[in-house]
Each structure stands twice: as structure tokens, then as C-alpha cells.
>>> print(open('coords03.cif').read())   # mmCIF, C-alpha atoms
data_query
#
loop_
_atom_site.label_atom_id
_atom_site.label_comp_id
_atom_site.auth_asym_id
_atom_site.auth_seq_id
_atom_site.Cartn_x
_atom_site.Cartn_y
_atom_site.Cartn_z
CA MET A 1 86.78 59.65 91.12
CA THR A 2 84.11 59.49 93.79
CA LEU A 3 83.53 62.87 95.43
CA GLY A 4 83.37 62.85 99.19
CA ARG A 5 84.52 59.30 99.73
CA PRO A 6 84.58 59.03 103.53
CA VAL A 7 87.78 58.77 105.49
CA PRO A 8 88.31 55.76 107.71
CA PRO A 9 86.53 55.83 111.07
CA PRO A 10 88.49 56.82 114.16
CA LEU A 11 90.91 54.28 115.52
CA GLY A 12 89.02 51.32 116.89
CA ALA A 13 88.62 50.20 120.44
CA LYS A 14 91.80 50.03 122.43
CA PRO A 15 93.31 46.61 123.06
CA THR A 16 92.83 45.26 126.53
CA PRO A 17 95.78 45.13 128.91
CA GLN A 18 96.03 41.42 128.09
CA ASP A 19 96.65 42.25 124.43
CA LEU A 20 99.61 44.55 125.06
CA PRO A 21 102.09 44.47 127.91
CA ARG A 22 101.59 47.12 130.55
CA ALA A 23 104.15 49.89 130.02
CA ARG A 24 106.14 50.90 133.03
CA ARG A 25 104.77 53.68 135.19
CA PRO A 26 106.53 57.01 134.71
CA ALA A 27 108.67 58.26 137.52
CA ALA A 28 107.11 60.97 139.61
CA GLY A 29 108.66 64.40 139.49
CA ALA A 30 108.75 67.79 137.84
CA ALA A 31 108.97 68.50 134.15
CA ALA A 32 112.06 67.20 132.40
CA SER A 33 114.55 69.40 130.53
CA VAL A 34 115.34 68.38 126.94
CA ARG A 35 117.58 69.85 124.28
CA ALA A 36 115.93 71.59 121.34
CA TYR A 37 116.38 74.07 118.51
CA GLY A 38 113.89 76.89 118.19
CA ALA A 39 113.33 80.56 117.49
CA THR A 40 113.32 83.39 120.01
CA SER A 41 111.79 85.89 117.56
CA PRO A 42 110.55 85.89 113.95
CA THR A 43 114.04 86.86 112.76
CA SER A 44 116.31 85.02 115.21
CA GLY A 45 116.82 81.90 113.14
CA LEU A 46 117.04 78.59 114.99
CA VAL A 47 119.16 78.55 118.12
CA PRO A 48 119.88 75.91 120.80
CA LEU A 49 117.31 75.96 123.60
CA GLU A 50 116.45 74.05 126.73
CA LEU A 51 112.82 72.92 126.67
CA GLN A 52 110.65 71.68 129.53
CA ARG A 53 108.53 68.59 128.84
CA ARG A 54 105.86 67.36 131.21
CA GLN A 55 106.16 63.99 132.88
CA PRO A 56 103.92 61.42 131.12
CA GLY A 57 100.39 61.43 132.51
CA PRO A 58 98.18 58.33 132.68
CA HIS A 59 97.41 58.40 128.94
CA ASP A 60 100.70 59.87 127.66
CA VAL A 61 103.68 58.34 125.92
CA GLU A 62 107.17 59.78 126.05
CA ILE A 63 109.03 59.51 122.74
CA SER A 64 112.76 59.75 122.13
CA ILE A 65 112.92 61.59 118.80
CA ALA A 66 115.15 60.04 116.15
CA PHE A 67 114.10 62.13 113.13
CA CYS A 68 111.97 65.19 112.46
CA GLY A 69 111.11 66.47 109.01
CA LEU A 70 111.75 70.06 107.97
CA CYS A 71 108.43 71.38 106.70
CA HIS A 72 107.82 74.62 104.82
CA SER A 73 105.06 75.40 107.31
CA ASP A 74 107.73 75.46 110.02
CA VAL A 75 109.26 78.47 108.25
CA HIS A 76 105.94 80.28 107.78
CA THR A 77 104.94 79.70 111.41
CA VAL A 78 108.22 80.67 113.04
CA ARG A 79 108.48 83.81 110.92
CA GLY A 80 104.92 84.81 111.87
CA GLU A 81 103.81 84.86 108.24
CA TRP A 82 100.45 83.19 108.95
CA ARG A 83 99.71 84.72 112.37
CA GLY A 84 101.50 86.10 115.38
CA GLN A 85 103.40 83.66 117.61
CA GLN A 86 104.68 83.43 121.15
CA TYR A 87 108.41 82.84 121.57
CA PRO A 88 110.52 80.91 122.18
CA LEU A 89 109.01 78.47 119.70
CA VAL A 90 110.31 75.01 118.79
CA PRO A 91 108.88 73.85 115.43
CA GLY A 92 108.65 70.36 113.93
CA HIS A 93 105.62 68.14 113.29
CA GLU A 94 107.00 65.22 111.28
CA ILE A 95 108.32 63.27 114.25
CA VAL A 96 109.52 59.66 114.38
CA GLY A 97 111.08 57.94 117.38
CA ARG A 98 110.81 55.21 119.99
CA VAL A 99 108.58 55.10 123.04
CA THR A 100 110.67 55.36 126.20
CA ARG A 101 107.95 55.57 128.86
CA SER A 102 104.18 55.25 128.99
CA GLY A 103 101.50 56.30 131.44
CA GLU A 104 99.82 53.72 133.61
CA ASP A 105 96.60 53.70 131.55
CA VAL A 106 98.26 53.52 128.12
CA THR A 107 97.29 50.34 126.25
CA MET A 108 98.16 51.13 122.63
CA PHE A 109 101.94 51.50 122.97
CA SER A 110 104.79 50.26 125.10
CA ALA A 111 108.48 51.00 125.54
CA GLY A 112 110.50 50.37 122.39
CA ASP A 113 107.66 50.83 119.90
CA LEU A 114 108.46 52.82 116.75
CA VAL A 115 105.93 55.65 116.59
CA GLY A 116 105.22 58.96 114.91
CA VAL A 117 103.60 62.28 115.74
CA GLY A 118 102.21 64.50 113.02
CA CYS A 119 100.56 67.91 112.98
CA LEU A 120 98.10 67.34 115.86
CA VAL A 121 98.58 66.46 119.51
CA ASP A 122 95.00 66.99 120.71
CA SER A 123 91.49 68.19 119.85
CA CYS A 124 88.24 68.61 121.74
CA ARG A 125 87.32 64.93 121.09
CA ASN A 126 83.61 65.75 121.37
CA CYS A 127 82.53 67.67 118.28
CA GLU A 128 81.10 66.15 115.09
CA SER A 129 84.43 66.31 113.26
CA CYS A 130 86.34 64.62 116.07
CA SER A 131 83.72 61.88 116.35
CA GLU A 132 84.12 61.20 112.60
CA GLY A 133 87.90 60.87 112.78
CA LEU A 134 88.46 64.33 111.30
CA GLU A 135 90.34 65.86 114.22
CA GLN A 136 92.08 68.30 111.88
CA TYR A 137 88.72 70.06 111.46
CA CYS A 138 87.87 70.08 115.17
CA GLU A 139 85.12 72.65 115.59
CA ASN A 140 86.64 73.84 118.86
CA GLY A 141 90.11 74.08 117.35
CA PRO A 142 92.67 71.28 116.97
CA VAL A 143 95.81 71.57 119.06
CA ALA A 144 98.79 71.78 116.74
CA THR A 145 102.03 70.03 117.65
CA TYR A 146 103.74 73.37 118.11
CA GLY A 147 102.74 77.00 118.46
CA ALA A 148 99.24 76.29 119.79
CA ALA A 149 97.65 77.03 123.15
CA ASP A 150 96.77 73.72 124.81
CA PRO A 151 93.47 74.13 126.69
CA ARG A 152 94.01 70.92 128.68
CA ARG A 153 97.18 72.42 130.13
CA GLY A 154 96.13 75.92 131.01
CA GLY A 155 96.88 77.42 127.61
CA GLU A 156 100.51 76.34 127.61
CA VAL A 157 102.01 76.76 124.13
CA THR A 158 102.92 73.45 122.51
CA GLN A 159 106.51 72.86 121.39
CA GLY A 160 107.46 70.58 118.51
CA GLY A 161 109.92 68.01 117.34
CA TYR A 162 113.19 69.86 116.78
CA ALA A 163 114.05 68.36 120.15
CA THR A 164 115.36 65.22 121.77
CA SER A 165 111.99 64.05 123.10
CA ILE A 166 108.27 64.81 123.29
CA VAL A 167 105.29 63.70 125.41
CA VAL A 168 101.96 63.12 123.61
CA ASP A 169 98.59 61.59 124.46
CA GLU A 170 98.42 58.08 122.98
CA LYS A 171 95.30 58.94 120.93
CA TYR A 172 97.42 61.26 118.78
CA VAL A 173 100.40 58.94 118.30
CA LEU A 174 100.80 56.85 115.12
CA ARG A 175 102.03 53.27 114.85
CA MET A 176 104.99 53.29 112.44
CA PRO A 177 105.36 50.04 110.48
CA GLU A 178 108.75 48.60 111.34
CA SER A 179 109.43 47.97 107.65
CA LEU A 180 109.62 51.71 107.01
CA ASP A 181 112.88 53.61 107.15
CA PRO A 182 112.09 56.09 109.94
CA ALA A 183 113.88 58.99 108.26
CA GLU A 184 112.09 58.41 104.97
CA ALA A 185 108.74 57.98 106.73
CA ALA A 186 108.89 61.22 108.74
CA PRO A 187 107.68 63.48 105.88
CA LEU A 188 104.51 61.40 105.56
CA LEU A 189 103.28 62.82 108.85
CA CYS A 190 102.62 66.26 107.33
CA ALA A 191 103.58 66.52 103.67
CA GLY A 192 102.41 63.02 102.80
CA ILE A 193 99.07 63.10 104.57
CA THR A 194 98.38 66.62 103.28
CA VAL A 195 98.40 65.37 99.67
CA PHE A 196 96.90 61.94 100.43
CA SER A 197 93.84 63.38 102.16
CA PRO A 198 92.34 65.19 99.12
CA MET A 199 93.17 62.23 96.86
CA GLN A 200 91.20 59.99 99.16
CA TYR A 201 88.35 62.50 99.48
CA PHE A 202 87.99 62.62 95.69
CA GLY A 203 88.34 58.85 95.42
CA VAL A 204 91.39 58.75 93.15
CA GLU A 205 91.64 55.31 91.59
CA GLU A 206 93.28 53.47 88.74
CA SER A 207 93.48 55.40 85.45
CA ASP A 208 92.33 58.73 86.94
CA ALA A 209 94.41 61.67 85.72
CA VAL A 210 96.09 63.51 88.59
CA GLY A 211 98.05 66.72 88.13
CA VAL A 212 100.68 67.76 90.65
CA VAL A 213 101.79 71.40 90.71
CA GLY A 214 105.28 71.85 92.12
CA LEU A 215 107.89 69.19 92.87
CA GLY A 216 109.06 70.00 96.36
CA GLY A 217 108.41 68.14 99.59
CA LEU A 218 104.64 67.85 99.09
CA GLY A 219 104.81 67.52 95.33
CA HIS A 220 107.20 64.59 95.14
CA LEU A 221 105.11 62.68 97.70
CA ALA A 222 101.94 63.49 95.74
CA VAL A 223 103.51 61.92 92.65
CA LYS A 224 104.46 58.74 94.48
CA ILE A 225 101.11 58.38 96.24
CA ALA A 226 99.08 59.03 93.08
CA LYS A 227 101.12 56.48 91.16
CA ALA A 228 100.65 53.92 93.94
CA LEU A 229 96.89 54.52 93.65
CA GLY A 230 97.12 53.69 89.95
CA ALA A 231 96.64 57.22 88.60
CA VAL A 232 98.18 58.70 85.46
CA VAL A 233 100.29 61.57 86.79
CA THR A 234 101.20 64.88 85.18
CA VAL A 235 103.65 67.20 86.94
CA PHE A 236 103.40 70.93 86.29
CA THR A 237 106.64 72.75 87.10
CA SER A 238 108.22 76.09 86.26
CA SER A 239 111.72 74.62 86.63
CA PRO A 240 113.24 72.89 83.58
CA ASP A 241 115.84 71.28 85.85
CA LYS A 242 113.08 69.32 87.61
CA VAL A 243 111.79 67.55 84.50
CA GLU A 244 114.17 64.61 84.80
CA ALA A 245 113.49 64.30 88.55
CA ALA A 246 109.74 64.22 87.97
CA HIS A 247 110.07 61.36 85.48
CA ARG A 248 112.39 59.51 87.85
CA LEU A 249 109.79 59.79 90.60
CA GLY A 250 107.22 58.17 88.32
CA ALA A 251 105.44 61.01 86.53
CA ASP A 252 103.91 59.95 83.21
CA ARG A 253 104.10 63.46 81.80
CA VAL A 254 105.90 66.67 82.78
CA VAL A 255 104.61 70.05 81.61
CA LEU A 256 106.62 73.25 81.91
CA SER A 257 104.08 75.78 83.17
CA THR A 258 106.08 78.57 81.50
CA ASP A 259 105.60 76.95 78.07
CA ALA A 260 102.30 78.21 76.61
CA GLY A 261 102.28 75.49 73.96
CA ALA A 262 102.80 72.70 76.47
CA MET A 263 100.05 74.09 78.71
CA ALA A 264 97.68 74.30 75.73
CA ALA A 265 98.44 70.66 74.89
CA ALA A 266 97.42 69.69 78.44
CA ARG A 267 94.01 71.38 78.09
CA HIS A 268 91.07 69.39 79.55
CA SER A 269 93.24 66.38 80.42
CA ILE A 270 93.27 66.27 84.23
CA ASP A 271 90.65 65.03 86.71
CA LEU A 272 92.22 66.32 89.91
CA VAL A 273 94.98 68.90 90.34
CA ILE A 274 96.88 68.96 93.63
CA ASP A 275 98.54 72.39 93.88
CA THR A 276 101.47 72.29 96.32
CA VAL A 277 102.98 75.70 95.54
CA SER A 278 103.29 77.90 98.62
CA ALA A 279 103.84 81.18 96.76
CA ARG A 280 101.28 83.47 95.13
CA HIS A 281 100.50 82.32 91.58
CA GLU A 282 97.81 82.53 88.89
CA LEU A 283 95.34 79.63 88.75
CA GLY A 284 93.75 80.31 85.35
CA PRO A 285 96.29 78.28 83.31
CA LEU A 286 95.91 75.31 85.66
CA LEU A 287 92.10 75.43 85.62
CA ARG A 288 92.19 75.18 81.82
CA THR A 289 93.86 71.76 82.12
CA ILE A 290 90.94 70.30 84.10
CA ARG A 291 88.18 68.17 82.64
CA ARG A 292 84.48 68.68 83.29
CA ASP A 293 83.58 67.89 86.92
CA GLY A 294 87.24 67.91 87.93
CA ALA A 295 88.78 69.82 90.80
CA LEU A 296 91.78 71.86 91.84
CA ILE A 297 92.73 71.51 95.49
CA GLN A 298 95.31 73.90 96.85
CA VAL A 299 97.41 72.47 99.70
CA GLY A 300 100.34 74.87 99.43
CA MET A 301 99.51 77.84 101.66
CA PRO A 302 100.95 81.17 100.45
CA PRO A 303 101.48 83.71 103.25
CA GLY A 304 99.35 86.29 101.39
CA ASP A 305 96.17 86.26 99.33
CA MET A 306 96.07 84.42 96.02
CA PRO A 307 95.11 86.24 92.80
CA PRO A 308 91.35 86.21 92.11
CA VAL A 309 90.03 82.87 90.86
CA PRO A 310 88.42 83.17 87.39
CA VAL A 311 84.89 82.00 88.16
CA GLY A 312 84.04 81.71 84.47
CA LEU A 313 86.60 78.91 84.10
CA LEU A 314 85.06 77.09 87.06
CA ALA A 315 81.55 77.44 85.66
CA SER A 316 82.46 76.43 82.12
CA ARG A 317 83.22 72.83 83.16
CA ARG A 318 81.69 72.61 86.63
CA ILE A 319 85.12 72.62 88.23
CA ALA A 320 85.49 72.59 92.00
CA TYR A 321 88.16 74.78 93.58
CA GLY A 322 89.07 74.34 97.20
CA SER A 323 91.66 73.46 99.77
CA SER A 324 92.16 71.04 102.63
CA MET A 325 94.25 70.59 105.73
CA THR A 326 96.27 67.67 106.98
CA GLY A 327 94.50 64.39 107.70
CA GLY A 328 93.12 63.00 110.93
CA ILE A 329 94.78 60.31 113.01
CA ALA A 330 92.98 57.35 111.40
CA GLN A 331 93.65 58.61 107.88
CA THR A 332 97.33 59.22 108.67
CA GLN A 333 97.60 55.68 110.00
CA GLU A 334 96.03 54.41 106.79
CA LEU A 335 98.64 56.31 104.77
CA LEU A 336 101.50 54.81 106.79
CA ASP A 337 100.14 51.29 106.28
CA PHE A 338 99.52 52.00 102.56
CA TRP A 339 103.08 53.33 102.19
CA ALA A 340 104.54 50.22 103.80
CA ALA A 341 102.37 47.88 101.71
CA HIS A 342 103.56 49.52 98.48
CA ASP A 343 107.22 49.63 99.58
CA ILE A 344 107.77 53.23 98.53
CA ALA A 345 109.94 55.86 100.17
CA ALA A 346 110.26 59.62 100.42
CA GLU A 347 113.30 61.34 98.95
CA VAL A 348 115.17 62.73 101.96
CA GLU A 349 118.43 64.38 102.88
CA LEU A 350 119.63 64.01 106.46
CA VAL A 351 120.61 67.29 108.09
CA ALA A 352 122.33 67.63 111.46
CA ALA A 353 120.73 69.95 114.00
CA ASP A 354 123.55 72.50 113.76
CA LYS A 355 122.85 72.83 110.01
CA LEU A 356 119.14 73.65 110.40
CA ASN A 357 119.40 77.31 109.46
CA GLU A 358 121.31 76.47 106.30
CA ALA A 359 118.72 73.81 105.43
CA TRP A 360 115.88 76.29 105.98
CA ASP A 361 117.48 78.80 103.62
CA ARG A 362 117.84 76.13 100.95
CA MET A 363 114.25 75.02 101.43
CA VAL A 364 112.92 78.57 101.08
CA ALA A 365 115.03 78.98 97.94
CA GLY A 366 113.39 75.88 96.42
#
>>> encode(input="coords03.cif", output="C-alpha cells")
Amino acid sequence: MTLGRPVPPPLGAKPTPQDLPRARRPAAGAAASVRAYGATSPTSGLVPLELQRRQPGPHDVEISIAFCGLCHSDVHTVRGEWRGQQYPLVPGHEIVGRVTRSGEDVTMFSAGDLVGVGCLVDSCRNCESCSEGLEQYCENGPVATYGAADPRRGGEVTQGGYATSIVVDEKYVLRMPESLDPAEAAPLLCAGITVFSPMQYFGVEESDAVGVVGLGGLGHLAVKIAKALGAVVTVFTSSPDKVEAAHRLGADRVVLSTDAGAMAAARHSIDLVIDTVSARHELGPLLRTIRRDGALIQVGMPPGDMPPVPVGLLASRRIAYGSSMTGGIAQTQELLDFWAAHDIAAEVELVAADKLNEAWDRMVAG
């Protein structure tokens, strides 16, 4: 592993109008009404709503949404478990669909293109992080796809992808390879990039030992990505019924975290642990599995504080403990292209909009 391997630079210069056909100018007029599902309070569940979308501006693309992933962060956000929210709130930031209209100055996309929108729809574009293609760490605050005040639009709260369409600045729209199944690709735009980003930062390469804690939405993608990078993958799970699934997904070894003997056998065997668990849990047993100069990166975000980290375990083998957010636009595009090149797919279940509340309950229950 190579610590701090840089992410790709921001997306390169835009093509000239001669390179891509000029998209048709949006019709003038007021905001458009679209159908959506959202929450009206932390406890309302998801209900049908009518949502107002702006007309595409000069640099905007309008996207007809075909699929939107259900992310555990949607639950935390809507329920106000991370911070207070304004309602109504439409979640969803794993969005895939087709461009229907583009602003007059858009050069990167045109009508009919298959595109995606992830966790970000804007940032300041001027700070050091933005200039390095790390918009997720924007020093003036990235604008999340939903539940965020948009400073370019008078503080209007953004609304996400549990809807029939969305309008986004072209700089924050991803090119979806046409070879990808759009439903299976949607989870890459949050869950996938969230686990890919720390693997790239730590330079995971062939024969590195990667541990994945938890086998949910993030965890199963972490297994597939790590295997595609050539790593030897160990899954740590507390659920015996997930052992077979972990092997099927490609894990080389599965360790029941409730089995003291199995955890002892995994001692000092892992270079990088990606912890996807979004509930409070002890880290000491996991830290004991890490080799000298390894790291544990926590990408699952529990709503409360984690138990204290045993500093002695960190010091004894110079272990790094940290966390990271989603990736920037350029890094997310790299993941999509990598995914297509390796012909791999997320494990998905299609859920109709009127079954969203049931799906959320099942997701929370694991």
C-alpha cells in the first residue's frame, strides 16, 4: 500500500461545441412540478409529494430518473439522527437516468445520455480541495444532493432522487458507461465510491490484505472492489448466515467476529480494514487483526459516539485510525470506468416507490 496516493485530477477541459452536439435550449418558464417521495417530519415515513424543480440554467442538465439507490444515510438524515433537518425532505443520492434537456452552455452532455448523480451537486469550486478534485472536502462546505442549503440559490434546500427528475450543474454529473446495468450501477454513486476512496488513498494493490467489516450495501461493494484491485479479502461479520454470501461475493476468508478463536487466528493479518458498520461497536478486536503500519478506516457512520479507541493498540504497531467521506467527481468517474472495465455488478433488489417504507424497515433491520 502507498499512503496518500493522490486521487485523479479534476475532470479535464470541456470538449468544444464541435466535439459534442449542442443540446437543445430549455424552454423558458417557471419551475416544473415533479412527483417524489419524501418525509414531512422525522417520524412521518416516506409519503407522496409534489416537488418543484428549477428550469435548467445555462450550465444545467435535466435528468429523467430511472433508478435511485436506497442508502442507509437516507434513513439517518431523514430521521434527523445526524443533525436537524428542514421538511419536507426528499432523500436519494444514488441517481441514474437519462438527460432530457440541457442548458445552452452545456458541452459535456446532451439529450439521451446515460448519467448519474451522487452525493454532491455543488461546492465552492475555489478552495484548495475543490481545485484538487476533492469537492467532498470543500472548505466552504459541499452542497449535498439533498438536505443542504444551496448558497447559489438563496439557501434553498436541495431535494434528492426519490423523484421522477432532477436538475444538476453539469460539473457534478457523471458519465455512466453504457455497458453498465443502470440499476446495478446506482449504488456505486455513494456506497461504492465511499469504500473505493480510502482503498485508493492507501494504494491498495495486488496481494494486499484488505479486511471488510460488515456485509451490507457498502460491505459487499468493498469486497468486489478490493478483489478487482487484486487484494486478498477477509470479511468480518457477526452474522453466521452471511458467511456463504461473503464467499460467493469473492471473499477469500470469512471471520465471525463473535468467535474469539477465529478473531485470534486473524491476528496481525490485515493491511487495511474498511469498517462499514453504522452502529456503535468496539474497535479493539479489529485493531488486533492489523499488521504494523496498517490502518482502520471507518466509513459506516453511527448516529452516536463510538466507544473510546484503545490508543495502546494503535501505538503498538503504528496503526492509523481514521475515516473518510464519499469521493469527488473525478474519483467517482474513475470508479464507474473501473467497474465497467472489470465487468462487475452490485447485488441489488428492485423496489417500487410504494414499497419504500417497507424497504427502509428491512434495511434498518440488516
>>> resolve_selection(input="coords03.cif", expression="the PyMOL selection byres ((chain A and resi 238-242) around 12)", output="ChimeraX atom specification")
/A:213-216,219-220,235-237,243-249,251,254-260,262-263,277,281,366
>>> resolve_selection(input="coords03.cif", expression="the PyMOL selection byres ((chain A and resi 168-178) around 6)", output="list of chain:residue names")
A:His59, A:Asp60, A:Val61, A:Leu114, A:Val115, A:Gly116, A:Val117, A:Val121, A:Val167, A:Ser179, A:Leu180
>>> atom_distance(input="coords03.cif", atom1="CA of Met301 in chain A", atom2="CA of Val47 in chain A")
25.6 Å
>>> resolve_selection(input="coords03.cif", expression="the PyMOL selection byres ((chain A and resi 54) around 6)", output="short mmCIF file (atom, residue, chain, number, x, y, z; two decimals) with C-alpha atoms, keeping the file's coordinate frame")
data_model
loop_
_atom_site.label_atom_id
_atom_site.label_comp_id
_atom_site.auth_asym_id
_atom_site.auth_seq_id
_atom_site.Cartn_x
_atom_site.Cartn_y
_atom_site.Cartn_z
CA ALA A 31 108.97 68.50 134.15
CA ARG A 53 108.53 68.59 128.84
CA GLN A 55 106.16 63.99 132.88
#
>>> closest_residue(input="coords03.cif", among="A:Val273, A:Ala365, A:Ala186, A:Cys130", to="Glu94 in chain A", atoms="all atoms listed in the file")
A:Ala186
>>> closest_residue(input="coords03.cif", among="A:Leu356, A:Ala231, A:Ile319, A:Leu314", to="Tyr37 in chain A", atoms="all atoms listed in the file")
A:Leu356
>>> residues_around(input="coords03.cif", residues="Pro187 in chain A", least_positions_apart="6", cutoff="10 Å", atoms="all atoms listed in the file", output="ChimeraX atom specification")
/A:67-71,93-96,118,193,217-218,221,345-348
>>> closest_residue(input="coords03.cif", among="A:Gly147, A:Leu336, A:Ile344, A:Ala330", to="Val223 in chain A", atoms="all atoms listed in the file")
A:Ile344
